[in-house]
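**Q** Please read through the structure below; I'll follow up with questions.
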Amino acid sequence: MNTQLATRRLLLRRWRPDDRPAFRQMNADPEVMAMLGPPLAPAQSDALLDHIEAQFVEHGFGLWCVDRAGECIGFTGLSIPGFRAGLEIGWRLRSAWWGQGYASEASRAVLACAFADPPAGLGLAEVLSFTATTNERSQRVMRAIGLERDLASDFVHPALPSGSPLGPHVLYRLTRVQFHANAAVGPRRALD
């Protein structure tokens with residue numbers, strides 16, 4: 001699989017040591033973390049980045065650094081949910097970069113790689129994405145990149161405390177066939 005991906009405005013690449021300050025800043029931002037959980041302390045953020053890098057080593061895929069003109073503005077990529085089968089596409093951007101279409105642009109490149117045949121891609125049949133029911137911003141990105149809501153698969157996230165307002169989650173799916181059909185039509189636009 002490709003070790004980095006390029007879009008019109010972005011480079012999706014592996015992480016470098018000098019990305020850590022931007023990664024910490026993003027994960028400590030209450031606005032960024034409002035739909036994800038409490039802001040992370042620097043040590044928690046470092047541990048998360050170490051885990052992300054370990055996923056690349058173990059599985060050959062993971063969450064790429066989203067690089068805009070040499071600056072880390074967030075991440076997007078694929079991860080393995082710890083509580084269900086399938087691969088999840090996800091993203092997180094620093095709040096200063098919201099509303100410019102970067103999450104959608106980067107995620108489309110990830111989907112193209114996910115559904116491409118090996119060795120350039122993973123040859124996946126399906127990709128999932130999920131978020132808190134209240135996270136309309138992420139749901140707009142999901143719809144913009146072609147994912148469709150699976151109402152029957154909405155769930156309460158098992159890693160969150162009982163009664164958490166972030167517990168109820170929506171689940172979206174995209175199959176390889178749908179991705180290629182959507183690509184023939186062209187991308188939907190959403191400011192993320």
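Chain lettering (A, B, ...) mirrors the order of the structure tokens, residue numbering begins at 1 for each chain separately, and ligand numbering begins at 1 in order of display.
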Name the residues in contact with segment 37-43 of chain A at a cut-off of 9 Å, using only C-alpha atoms, excluding same-chain residues fewer than 4 positions from it; report them as a PyMOL selection string.
**A** chain A and resi 21+24-33+47-48+160+166
**Q** If you run DSSP on the backbone here, which positions in segment 65-132 of chain A get alpha helix (DSSP H)? Please write them as a VMD selection string.
**A** chain A and resid 102 to 115
**Q** Include C-alpha atoms and write out the residues we just selected as a PDB file, in the first residue's frame.
**A**
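Resulting contents of again27.pdb:
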```
ATOM      1  CA  TYR A 102      -9.696  19.502   4.017  1.00  0.00           C
ATOM      2  CA  ALA A 103     -11.278  16.571   5.891  1.00  0.00           C
ATOM      3  CA  SER A 104     -13.343  15.619   2.848  1.00  0.00           C
ATOM      4  CA  GLU A 105     -10.437  16.044   0.446  1.00  0.00           C
ATOM      5  CA  ALA A 106      -8.071  13.953   2.552  1.00  0.00           C
ATOM      6  CA  SER A 107     -10.698  11.297   3.268  1.00  0.00           C
ATOM      7  CA  ARG A 108     -11.498  10.837  -0.419  1.00  0.00           C
ATOM      8  CA  ALA A 109      -7.827  10.009  -1.006  1.00  0.00           C
ATOM      9  CA  VAL A 110      -7.944   7.492   1.852  1.00  0.00           C
ATOM     10  CA  LEU A 111     -11.041   5.845   0.369  1.00  0.00           C
ATOM     11  CA  ALA A 112      -9.413   5.621  -3.062  1.00  0.00           C
ATOM     12  CA  CYS A 113      -6.468   3.836  -1.436  1.00  0.00           C
ATOM     13  CA  ALA A 114      -8.725   1.617   0.694  1.00  0.00           C
ATOM     14  CA  PHE A 115     -10.659   0.388  -2.338  1.00  0.00           C
TER      15      PHE A 115
END
```
**Q** Write out as number ranges by chain all residues of segment 33-164 of chain A that DSSP puts in strand (DSSP E) for this structure's backbone.
**A** A: 63-68, 71-79, 88-93, 126-132, 148-149, 155-156
**Q** Let's have the selection written as a CSV table (one decimal), in the first residue's frame, with N, CA, C and O atoms.
**A**
```
chain,number,residue,atom,x,y,z
A,63,LEU,N,-3.6,6.0,10.5
A,63,LEU,CA,-4.0,7.4,10.4
A,63,LEU,C,-2.8,8.3,10.0
A,63,LEU,O,-1.9,8.4,10.7
A,64,TRP,N,-2.9,8.8,8.8
A,64,TRP,CA,-1.8,9.6,8.2
A,64,TRP,C,-1.9,11.0,8.8
A,64,TRP,O,-3.0,11.5,9.1
A,65,CYS,N,-0.8,11.7,8.9
A,65,CYS,CA,-0.7,13.1,9.2
A,65,CYS,C,-1.2,13.8,7.9
A,65,CYS,O,-0.8,13.5,6.8
A,66,VAL,N,-2.1,14.8,8.1
A,66,VAL,CA,-2.6,15.6,7.0
A,66,VAL,C,-1.7,16.8,7.0
A,66,VAL,O,-1.7,17.6,8.0
A,67,ASP,N,-0.9,17.0,6.0
A,67,ASP,CA,0.1,18.0,5.9
A,67,ASP,C,-0.3,19.0,4.8
A,67,ASP,O,-0.6,18.7,3.7
A,68,ARG,N,-0.4,20.3,5.3
A,68,ARG,CA,-0.8,21.4,4.4
A,68,ARG,C,0.4,22.3,4.3
A,68,ARG,O,0.8,23.0,5.3
A,71,GLU,N,2.9,21.9,7.1
A,71,GLU,CA,2.3,22.0,8.5
A,71,GLU,C,1.3,20.8,8.8
A,71,GLU,O,0.4,20.6,8.0
A,72,CYS,N,1.5,20.2,9.9
A,72,CYS,CA,0.5,19.2,10.4
A,72,CYS,C,-0.8,19.9,10.8
A,72,CYS,O,-0.8,20.7,11.7
A,73,ILE,N,-1.9,19.6,10.0
A,73,ILE,CA,-3.2,20.2,10.4
A,73,ILE,C,-4.2,19.2,10.9
A,73,ILE,O,-5.3,19.6,11.3
A,74,GLY,N,-3.7,17.9,11.1
A,74,GLY,CA,-4.6,16.9,11.6
A,74,GLY,C,-4.3,15.5,11.1
A,74,GLY,O,-3.1,15.3,10.7
A,75,PHE,N,-5.3,14.7,11.1
A,75,PHE,CA,-5.1,13.3,10.6
A,75,PHE,C,-6.3,12.8,9.9
A,75,PHE,O,-7.4,13.3,10.1
A,76,THR,N,-6.1,11.8,9.1
A,76,THR,CA,-7.2,11.0,8.5
A,76,THR,C,-6.6,9.7,8.1
A,76,THR,O,-5.4,9.6,7.9
A,77,GLY,N,-7.4,8.7,8.0
A,77,GLY,CA,-6.9,7.4,7.6
A,77,GLY,C,-7.9,6.3,8.1
A,77,GLY,O,-9.1,6.5,8.4
A,78,LEU,N,-7.3,5.1,8.2
A,78,LEU,CA,-8.1,3.9,8.6
A,78,LEU,C,-7.6,3.3,9.9
A,78,LEU,O,-6.4,3.3,10.2
A,79,SER,N,-8.6,2.9,10.7
A,79,SER,CA,-8.2,2.2,12.0
A,79,SER,C,-9.1,1.0,12.2
A,79,SER,O,-10.2,0.9,11.6
A,88,GLU,N,-12.5,1.4,10.0
A,88,GLU,CA,-13.1,2.7,10.1
A,88,GLU,C,-12.3,3.7,9.5
A,88,GLU,O,-11.1,3.8,9.7
A,89,ILE,N,-12.9,4.6,8.7
A,89,ILE,CA,-12.2,5.8,8.2
A,89,ILE,C,-12.6,6.9,9.2
A,89,ILE,O,-13.7,7.0,9.7
A,90,GLY,N,-11.5,7.7,9.6
A,90,GLY,CA,-11.7,8.8,10.5
A,90,GLY,C,-10.8,9.9,10.2
A,90,GLY,O,-9.9,9.8,9.4
A,91,TRP,N,-11.1,11.0,10.9
A,91,TRP,CA,-10.4,12.3,10.7
A,91,TRP,C,-10.5,13.1,11.9
A,91,TRP,O,-11.4,13.0,12.7
A,92,ARG,N,-9.5,14.0,12.0
A,92,ARG,CA,-9.5,15.0,13.1
A,92,ARG,C,-8.6,16.1,12.6
A,92,ARG,O,-7.5,15.9,12.2
A,93,LEU,N,-9.1,17.4,12.6
A,93,LEU,CA,-8.4,18.5,12.2
A,93,LEU,C,-8.3,19.5,13.3
A,93,LEU,O,-9.2,19.7,14.1
A,126,GLU,N,-15.5,-2.9,2.0
A,126,GLU,CA,-16.3,-1.9,2.7
A,126,GLU,C,-15.5,-1.1,3.7
A,126,GLU,O,-14.5,-1.6,4.3
A,127,VAL,N,-15.9,0.1,4.0
A,127,VAL,CA,-15.4,1.0,5.0
A,127,VAL,C,-16.5,1.5,5.8
A,127,VAL,O,-17.6,1.8,5.3
A,128,LEU,N,-16.3,1.6,7.1
A,128,LEU,CA,-17.3,2.2,8.1
A,128,LEU,C,-16.8,3.5,8.6
A,128,LEU,O,-15.6,3.8,8.6
A,129,SER,N,-17.7,4.3,9.1
A,129,SER,CA,-17.4,5.5,9.9
A,129,SER,C,-18.5,5.7,10.9
A,129,SER,O,-19.7,5.4,10.6
A,130,PHE,N,-18.2,6.1,12.1
A,130,PHE,CA,-19.2,6.4,13.1
A,130,PHE,C,-18.8,7.6,13.9
A,130,PHE,O,-17.6,7.9,14.0
A,131,THR,N,-19.8,8.2,14.5
A,131,THR,CA,-19.6,9.3,15.4
A,131,THR,C,-20.8,9.5,16.3
A,131,THR,O,-21.8,8.9,16.1
A,132,ALA,N,-20.6,10.4,17.3
A,132,ALA,CA,-21.8,10.7,18.2
A,132,ALA,C,-22.9,11.3,17.3
A,132,ALA,O,-22.7,12.0,16.4
A,148,GLU,N,-23.1,6.2,3.4
A,148,GLU,CA,-24.5,6.3,3.7
A,148,GLU,C,-24.8,5.7,5.0
A,148,GLU,O,-24.2,4.8,5.5
A,149,ARG,N,-25.8,6.4,5.7
A,149,ARG,CA,-26.2,6.0,7.0
A,149,ARG,C,-26.8,4.7,7.1
A,149,ARG,O,-27.7,4.4,6.2
A,155,PHE,N,-25.6,2.7,17.4
A,155,PHE,CA,-25.3,2.0,18.6
A,155,PHE,C,-24.9,3.0,19.7
A,155,PHE,O,-24.7,4.2,19.5
A,156,VAL,N,-24.7,2.5,20.9
A,156,VAL,CA,-24.2,3.2,22.0
A,156,VAL,C,-22.7,2.8,22.1
A,156,VAL,O,-22.4,1.6,22.3
```
**Q** Do you have the atom CA of Ala54 of chain A-atom CA of His157 of chain A distance handy?
**A**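 It comes out at 23.7 Å.
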**Q** Give me the residues within 12 Å of Val177 of chain A as a PyMOL selection string, counting only C-alpha atoms and dropping any in the same chain fewer than 2 places off.
**A** chain A and resi 111-112+115-116+123-127+146-147+173-175+179-184
**Q** Can you write out the residues you just picked, keeping all heavy atoms, as a compact mmCIF listing (two decimals), in the first residue's frame?
**A**
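Contents of again_23.txt, freshly written:
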```txt
# COMPACT_ATOMS: atom_id res chain seq x y z
N LEU A 111 -10.10 6.82 0.93
CA LEU A 111 -11.04 5.84 0.37
C LEU A 111 -10.53 5.27 -0.95
O LEU A 111 -10.66 4.07 -1.19
CB LEU A 111 -12.42 6.50 0.16
CG LEU A 111 -13.20 6.80 1.43
CD1 LEU A 111 -14.45 7.61 1.09
CD2 LEU A 111 -13.56 5.54 2.18
N ALA A 112 -9.96 6.11 -1.79
CA ALA A 112 -9.41 5.62 -3.06
C ALA A 112 -8.34 4.57 -2.80
O ALA A 112 -8.29 3.54 -3.48
CB ALA A 112 -8.85 6.78 -3.88
N PHE A 115 -9.95 1.22 -1.37
CA PHE A 115 -10.66 0.39 -2.34
C PHE A 115 -9.81 -0.01 -3.55
O PHE A 115 -10.24 -0.83 -4.36
CB PHE A 115 -11.94 1.09 -2.80
CG PHE A 115 -12.97 1.23 -1.70
CD1 PHE A 115 -13.49 2.46 -1.36
CD2 PHE A 115 -13.40 0.11 -0.99
CE1 PHE A 115 -14.44 2.59 -0.35
CE2 PHE A 115 -14.35 0.23 0.02
CZ PHE A 115 -14.87 1.47 0.34
N ALA A 116 -8.62 0.55 -3.68
CA ALA A 116 -7.73 0.17 -4.78
C ALA A 116 -7.17 -1.23 -4.53
O ALA A 116 -7.01 -1.66 -3.39
CB ALA A 116 -6.58 1.18 -4.90
N GLY A 123 -7.65 -3.05 -1.26
CA GLY A 123 -8.65 -3.91 -1.89
C GLY A 123 -9.82 -4.22 -0.98
O GLY A 123 -10.39 -5.32 -1.06
N LEU A 124 -10.22 -3.28 -0.14
CA LEU A 124 -11.31 -3.52 0.80
C LEU A 124 -12.65 -3.60 0.08
O LEU A 124 -12.86 -2.99 -0.97
CB LEU A 124 -11.37 -2.40 1.84
CG LEU A 124 -10.15 -2.23 2.74
CD1 LEU A 124 -10.38 -1.07 3.71
CD2 LEU A 124 -9.86 -3.51 3.50
N ALA A 125 -13.58 -4.32 0.69
CA ALA A 125 -14.94 -4.41 0.17
C ALA A 125 -15.84 -3.34 0.79
O ALA A 125 -16.82 -2.92 0.17
CB ALA A 125 -15.53 -5.79 0.47
N GLU A 126 -15.49 -2.88 2.01
CA GLU A 126 -16.35 -1.91 2.71
C GLU A 126 -15.52 -1.13 3.72
O GLU A 126 -14.54 -1.64 4.27
CB GLU A 126 -17.48 -2.65 3.44
CG GLU A 126 -18.41 -1.73 4.20
CD GLU A 126 -19.52 -2.50 4.92
OE1 GLU A 126 -19.20 -3.28 5.85
OE2 GLU A 126 -20.68 -2.28 4.57
N VAL A 127 -15.93 0.11 3.97
CA VAL A 127 -15.35 0.96 5.00
C VAL A 127 -16.50 1.52 5.83
O VAL A 127 -17.56 1.84 5.29
CB VAL A 127 -14.52 2.10 4.37
CG1 VAL A 127 -14.11 3.12 5.42
CG2 VAL A 127 -13.31 1.55 3.66
N GLY A 146 -19.43 10.25 0.39
CA GLY A 146 -20.21 9.17 -0.21
C GLY A 146 -20.70 8.09 0.73
O GLY A 146 -21.36 7.15 0.29
N LEU A 147 -20.39 8.18 2.02
CA LEU A 147 -20.88 7.17 2.95
C LEU A 147 -22.39 7.34 3.16
O LEU A 147 -22.91 8.45 3.06
CB LEU A 147 -20.16 7.26 4.30
CG LEU A 147 -18.78 6.60 4.33
CD1 LEU A 147 -17.73 7.48 3.70
CD2 LEU A 147 -18.38 6.28 5.75
N ARG A 173 -21.69 3.64 6.16
CA ARG A 173 -20.95 2.62 5.41
C ARG A 173 -20.74 3.09 3.97
O ARG A 173 -21.53 3.87 3.43
CB ARG A 173 -21.75 1.31 5.33
CG ARG A 173 -22.07 0.64 6.61
CD ARG A 173 -22.95 -0.60 6.37
NE ARG A 173 -23.34 -1.20 7.62
CZ ARG A 173 -22.63 -2.09 8.29
NH1 ARG A 173 -21.47 -2.49 7.81
NH2 ARG A 173 -23.05 -2.59 9.42
N LEU A 174 -19.70 2.54 3.37
CA LEU A 174 -19.47 2.71 1.95
C LEU A 174 -18.82 1.44 1.43
O LEU A 174 -17.82 0.98 1.98
CB LEU A 174 -18.55 3.91 1.68
CG LEU A 174 -18.26 4.22 0.21
CD1 LEU A 174 -19.52 4.66 -0.53
CD2 LEU A 174 -17.17 5.28 0.09
N THR A 175 -19.40 0.87 0.38
CA THR A 175 -18.81 -0.31 -0.24
C THR A 175 -17.93 0.11 -1.41
O THR A 175 -18.03 1.23 -1.93
CB THR A 175 -19.88 -1.29 -0.76
OG1 THR A 175 -20.57 -0.65 -1.86
CG2 THR A 175 -20.85 -1.69 0.34
N PHE A 179 -18.41 3.23 -3.93
CA PHE A 179 -17.33 4.20 -4.11
C PHE A 179 -17.06 4.44 -5.59
O PHE A 179 -16.95 5.58 -6.04
CB PHE A 179 -16.06 3.72 -3.40
CG PHE A 179 -14.87 4.59 -3.68
CD1 PHE A 179 -14.72 5.81 -3.06
CD2 PHE A 179 -13.90 4.19 -4.60
CE1 PHE A 179 -13.62 6.62 -3.32
CE2 PHE A 179 -12.80 4.99 -4.87
CZ PHE A 179 -12.66 6.21 -4.23
N HIS A 180 -16.95 3.35 -6.37
CA HIS A 180 -16.66 3.50 -7.79
C HIS A 180 -17.83 4.13 -8.54
O HIS A 180 -17.61 4.91 -9.47
CB HIS A 180 -16.24 2.16 -8.39
CG HIS A 180 -14.88 1.74 -7.92
ND1 HIS A 180 -13.74 2.46 -8.15
CD2 HIS A 180 -14.48 0.66 -7.19
CE1 HIS A 180 -12.70 1.87 -7.60
NE2 HIS A 180 -13.13 0.77 -7.00
N ALA A 181 -19.06 3.84 -8.13
CA ALA A 181 -20.22 4.48 -8.74
C ALA A 181 -20.23 5.98 -8.42
O ALA A 181 -20.50 6.81 -9.30
CB ALA A 181 -21.52 3.82 -8.25
N ASN A 182 -19.91 6.34 -7.18
CA ASN A 182 -19.85 7.75 -6.79
C ASN A 182 -18.74 8.48 -7.54
O ASN A 182 -18.90 9.64 -7.92
CB ASN A 182 -19.61 7.90 -5.28
CG ASN A 182 -20.79 7.43 -4.45
OD1 ASN A 182 -21.88 7.24 -4.96
ND2 ASN A 182 -20.55 7.24 -3.18
N ALA A 183 -17.61 7.82 -7.74
CA ALA A 183 -16.47 8.44 -8.43
C ALA A 183 -16.84 8.79 -9.86
O ALA A 183 -16.37 9.80 -10.40
CB ALA A 183 -15.26 7.51 -8.41
N ALA A 184 -17.70 7.98 -10.46
CA ALA A 184 -18.12 8.26 -11.83
C ALA A 184 -19.00 9.50 -11.90
O ALA A 184 -19.00 10.22 -12.90
CB ALA A 184 -18.87 7.05 -12.40
```
**Q** Which of these, A:His51, A:Pro161, A:Gly62, A:Ala69, has the shortest distance to Ala6 of chain A once you count only C-alpha atoms?
**A** A:Ala69
**Q** Could you tell me which of A:Tyr172, A:Gly70, A:Phe23, A:Met35 comes closest to Arg9 of chain A if we count only C-alpha atoms?
**A**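 Of A:Tyr172, A:Gly70, A:Phe23, A:Met35, the one nearest Arg9 of chain A, counting only C-alpha atoms, is A:Gly70.
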**Q** In Å, rounded to a single decimal, give me how far atom CA of Gln44 of chain A is from atom CA of Asn135 of chain A.
**A**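 Here the two named atoms are 22.8 Å from each other.
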**Q** Can you tell me how far atom CA of Pro118 of chain A sits from atom CA of His59 of chain A, in Å to one decimal?
**A**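 Atom CA of Pro118 of chain A sits 13.8 Å away from atom CA of His59 of chain A.
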**Q** I need the residue nearest Asp150 of chain A from this list: A:Leu171, A:Val57, A:Leu10, A:Ala85. Use only C-alpha atoms for the distance.
**A** A:Leu171
**Q** Which one of A:Gly60, A:Gly121, A:Gly86, A:Gly99 sits closest to Val141 of chain A if you count only C-alpha atoms?
**A**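 Closest residue, counting only C-alpha atoms: A:Gly99.
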